[in-house]
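> Structure below; questions to follow.
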There are 2 protein chains.
Amino acid sequence: MPNDQPRAVTIAAIAEEAGVSVPTVSRVLNRRSDVAPGTRERVERLLRDSGYRRRGTRADGAGLIDLVFNDLDSPWAIEVMRGVEDAAHAAGVGTVISAVHREAGSTRQWLSNVRARASDGAVLVTTNLDPLLHEELRGLHVPAVVIDPAGVPDLQVPTISSNNWAGGVSATQHLVALGHRRIAHVAGRSTLCCSRARLDGYRAELRAAGIPLDPELVVEADFNFESGFRAGRRLLDLAEPPTAIFAGSDELALGVTEALRRARLSVPHDVSVVGFDDLPLVRWSSPPLTTVSQPLVAMGRLAVHTVLRLVQGERLESTRVELATSLVVRDSTAPPPVR
Amino acid sequence: MPNDQPRAVTIAAIAEEAGVSVPTVSRVLNRRSDVAPGTRERVERLLRDSGYRRRGTRADGAGLIDLVFNDLDSPWAIEVMRGVEDAAHAAGVGTVISAVHREAGSTRQWLSNVRARASDGAVLVTTNLDPLLHEELRGLHVPAVVIDPAGVPDLQVPTISSNNWAGGVSATQHLVALGHRRIAHVAGRSTLCCSRARLDGYRAELRAAGIPLDPELVVEADFNFESGFRAGRRLLDLAEPPTAIFAGSDELALGVTEALRRARLSVPHDVSVVGFDDLPLVRWSSPPLTTVSQPLVAMGRLAVHTVLRLVQGERLESTRVELATSLVVRDSTAPPPVR
């Protein structure tokens with residue numbers, strides 16, 4: 001009768017200790033004949049000594065990956081989760097969700113839980129990865145992939161994000177094509193890479209269309225509703241207010257829309273609004289929002305495929321993948337009013 | 001070296017087979033002295049024979065509960081999840097999420113996964129529980145609790161819902177207090193218990209206020225945006241349209257709001273709108289929505305506490321718990337226009 005829980009051991013840790021590849025350890029576990037006798041013996045001894053408990057990532061459905069959010073407040077969390085759960089389910093792997101931002105000790109607690117439940121891999125969803133977290137995961141030999149809609153560039157871990165610059169171009173292009181010339185941009189904080197990329201896309205498209213950039217028309221904001229509301233007010237107070245506003249996120253766009261409603265301006269008849277993200281809720285906003293769609297579900301699916309490849313000891317072609325964004329036209333954009 | 005995964009066995013199954021209580025099995029596992037020698041021997045033999053693998057629900061963080069949704073599309077899924085994850089994390093238990101609606105085989109696959117990973121308990125979030133699912137969970141000796149915002153009454157399993165009738169009363173009371181007399185209700189399908197309870201709350205309050213019920217003002221709809229939009233149109237086409245609309249869900253309320261916007265009517269200056277649920281997104285709707293708040297996060301927390309009590313073999317005081325709803329007044333309600 002097992003009386004105390006052995007510290008969980010992964011195939012990757014055994015492989016490292018034995019100085020062999022992960023597939024070799026798998027072959028030993030699966031009693032295949034294509035392993036040299038000396039290697040087999042060394043791996044089997046390590047497996048025995050380490051108290052390795054086999055989970056079986058595929059066949060019996062006992063495999064687990066951890067899906068970690070800074071918090072579950074973000075409206076795009078559920079979108080990413082749908083993709084992760086779907087791909088994990090298809091691979092017969094369970095998805096354990098965690099939120100780690102709440103208190104100082106919770107990241108440490110989570111790491112201890114990952115160890116205890118012998119998770120096969122981790123998908124981290126964050127725009128602000130704790131470098132210590134990643135360091136400790138490496139120590140546990142748990143492969144990790146970061147889904148990062150904000151696109152932080154310099155992580156030492158595989159990341160999946162979307163093409164923010166191209167999204168900024170397509171939003172602005174749509175407004176230019178409708179005939180707008182006074183196009184404002186409510187940008188997220190320039191400390192975030194995604195904000196800078198979206199702003200640069202906006203600038204590039206204005207330049208391409210021969211529209212001079214008016215610095216008054218770019219307002220920096222936090223990625224939340226209230227900040228969007230304030231940015232909208234500020235743009236309406238200009239001597240020559242914009243006829244179209246490209247907001248750097250859906251939540252910002254909804255704040256801008258509320259500022260317009262309070263000013264008794266109609267969207268899109270007086271002012272057009274474009275968002276960024278394509279959260280499900282913007283289909284139901286009043287009016288339904290034209291926005292740049294980030295493929296959050298696909299990003300979740302790809303993260304699972306990537307982490308399962310790492311679990312199998314495969315090498316990735318690239319540690320940074322950006323998926324394409326696409327413009328979704330709904331009812332919040334129209335030609336500018338005739339003056 | 002363990003070569004094949006033993007079928008996972010729970011303490012509850014051992015207890016049943018040994019004819020003792022779950023706490024007795026726990027005492028044997030913890031090597032406590034307050035167990036009769038014959039009982040100890042019988043339990044230890046069963047544990048050995050069954051290949052019982054200890055997970056340790058608390059101390060080492062290896063415990064798991066399964067959180068199961070019909071699908072992850074519902075905007076309230078993430079709210080329930082926040083409560084579940086929070087309470088499970090505090091108890092040192094991991095939360096495995098699953099969606100089972102997608103294809104016919106997925107419920108069976110999920111059951112097989114629950115067995116393989118030796119989940120300690122399950123929290124099911126559904127308005128439409130498959131009776132077979134519950135039957136099979138009983139067979140696996142995995143305690144389950146259902147979170148059911150729709151309040152289905154006749155399940156043979158502990159359920160947690162909210163007080164829908166009182167919510168219907170409070171929404172209607174708020175509109176009556178503002179001076180409305182032509183108050184419409186967009187009700188969910190009468191096949192759902194929650195829809196009937198909300199409608200009855202609306203009727204009860206009109207009666208209490210001495211306002212005669214006009215059957216024209218009650219429109220049945222599906223719980224989605226498009227159906228709310230159509231219901232809103234139908235109410236506006238009446239010879240004497242309502243000055244206030246109480247919608248049976250937030251999504252319905254957003255559909256109604258869109259119908260009003262298309263008809264160039266202002267919310268709340270021309271027509272007041274009240275929703276039901278208090279999803280985070282309605283704080284950002286234009287205008288921010290007055291609604292009846294269901295305590296979805298608290299329901300998630302309570303479900304975890306309840307399922308962990310069942311895991312410990314405790315008896316519940318009641319198998320049906322309804323938490324209180326509360327009215328949240330925002331900007332979508334005002335006195336009726338002066339005619």
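Within each chain, counting starts at residue 1; across the structure tokens, chains are named A, B, ... in the order shown, with ligands numbered 1 upward in that order.
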Region 164-171 of chain A: which residues within 10 Å, counting only C-alpha atoms, same-chain residues fewer than 3 positions away excluded, as a ChimeraX atom specification?

/A:149-151,161,174-176,185,193-206,208,245-248,273-277,290-294,322-329

> Taking 5 positions as the minimum chain separation for residues in the same chain, which residues sit within 9 Å of Leu111 (chain A) when counting only C-alpha atoms? Answer as a list in words.

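The contact residues come out as Ser106, Ala116, Leu133, Glu136, Leu137 and Leu140 of chain A.
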
> Determine the nearest neighbour of Val123 (chain A) from the options A:Thr306, A:Ser26, A:Thr191, A:Ser332, counting only C-alpha atoms.

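Among A:Thr306, A:Ser26, A:Thr191, A:Ser332, it is A:Thr306 that comes nearest to Val123 (chain A).
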
> Would you list the contacts of Leu265 (chain A) as a list of chain:residue names, taking every protein, DNA or RNA residue within 12 Å and counting only C-alpha atoms, but skipping same-chain residues closer than 4 positions in sequence?

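These residues fall inside the cut-off: A:Gly232, A:Arg233, A:Leu236, A:Pro241, A:Thr243, A:Val256, A:Thr257, A:Glu258, A:Ala259, A:Leu260, A:Arg261, A:His269, A:Asp270, A:Val271, A:Ser272, A:Val273, A:Pro337, B:Ser266.
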
> Could you work out how far CA of Leu308 (chain A) lies from CA of Ala18 (chain A), giving the answer in Å with one decimal?

21.4 Å

> Pick from B:Pro215, B:Gly300, B:Gly179, B:Gly92: nearest to chain A, with only C-alpha atoms counted?

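Once distances to chain A are computed over only C-alpha atoms, the minimum belongs to B:Gly92.
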
> Would you compute the distance between CA of Arg138 (chain A) and CA of Thr95 (chain A)? Give it in Å to one decimal.

19.7 Å

> Using only C-alpha atoms, can you tell me which of B:Leu254, B:Val145, B:Ala13, B:Val96 comes closest to Ser286 (chain B)?

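Of all the options, B:Leu254 lies closest to Ser286 (chain B).
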
> Considering only C-alpha atoms, return as a list in words whatever protein or nucleic-acid residues lie within 7 Å of Pro242 (chain B), sequence-local ones (same chain, fewer than 5 positions apart) excluded.

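Within the cut-off, the hits are Arg182, Ile183, Ala184 and Leu235 of chain B.
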
> Could you please take those selected residues and save N, CA and C atoms as an mmCIF file, in the first residue's frame?


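Saved result, selection.cif, follows:
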data_model
loop_
_atom_site.group_PDB
_atom_site.id
_atom_site.type_symbol
_atom_site.label_atom_id
_atom_site.label_comp_id
_atom_site.auth_asym_id
_atom_site.auth_seq_id
_atom_site.Cartn_x
_atom_site.Cartn_y
_atom_site.Cartn_z
ATOM 1 N N ARG B 182 -46.518 50.275 -18.156
ATOM 2 C CA ARG B 182 -46.466 49.356 -19.316
ATOM 3 C C ARG B 182 -45.107 48.656 -19.277
ATOM 4 N N ILE B 183 -45.034 47.568 -18.509
ATOM 5 C CA ILE B 183 -43.775 46.837 -18.327
ATOM 6 C C ILE B 183 -43.879 45.493 -19.044
ATOM 7 N N ALA B 184 -43.010 45.283 -20.028
ATOM 8 C CA ALA B 184 -43.017 44.015 -20.767
ATOM 9 C C ALA B 184 -42.016 43.039 -20.156
ATOM 10 N N LEU B 235 -42.352 43.816 -29.542
ATOM 11 C CA LEU B 235 -42.924 44.690 -28.516
ATOM 12 C C LEU B 235 -43.067 46.117 -29.030
#

> Apply DSSP to the structure's backbone, then extract all residues of region 76-168 of chain B labelled strand (DSSP E) and return them as a list in words.

Val93, Gly94, Thr95, Val96, Ile97, Ser98, Ala99, Gly121, Ala122, Val123, Leu124, Val125, Ala144, Val145, Val146, Ile147, Thr159, Ile160, Ser161 and Ser162 of chain B

> Using only C-alpha atoms, can you tell me which of A:Ala99, A:Val297, A:Leu213, A:Ala177 comes closest to chain B?

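The answer is A:Ala99, which sits nearest to chain B.
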
> Smallest atom-to-atom distance to chain B: which of A:Arg40, A:Arg230, A:His141, A:Arg262, using only C-alpha atoms?

A:Arg262
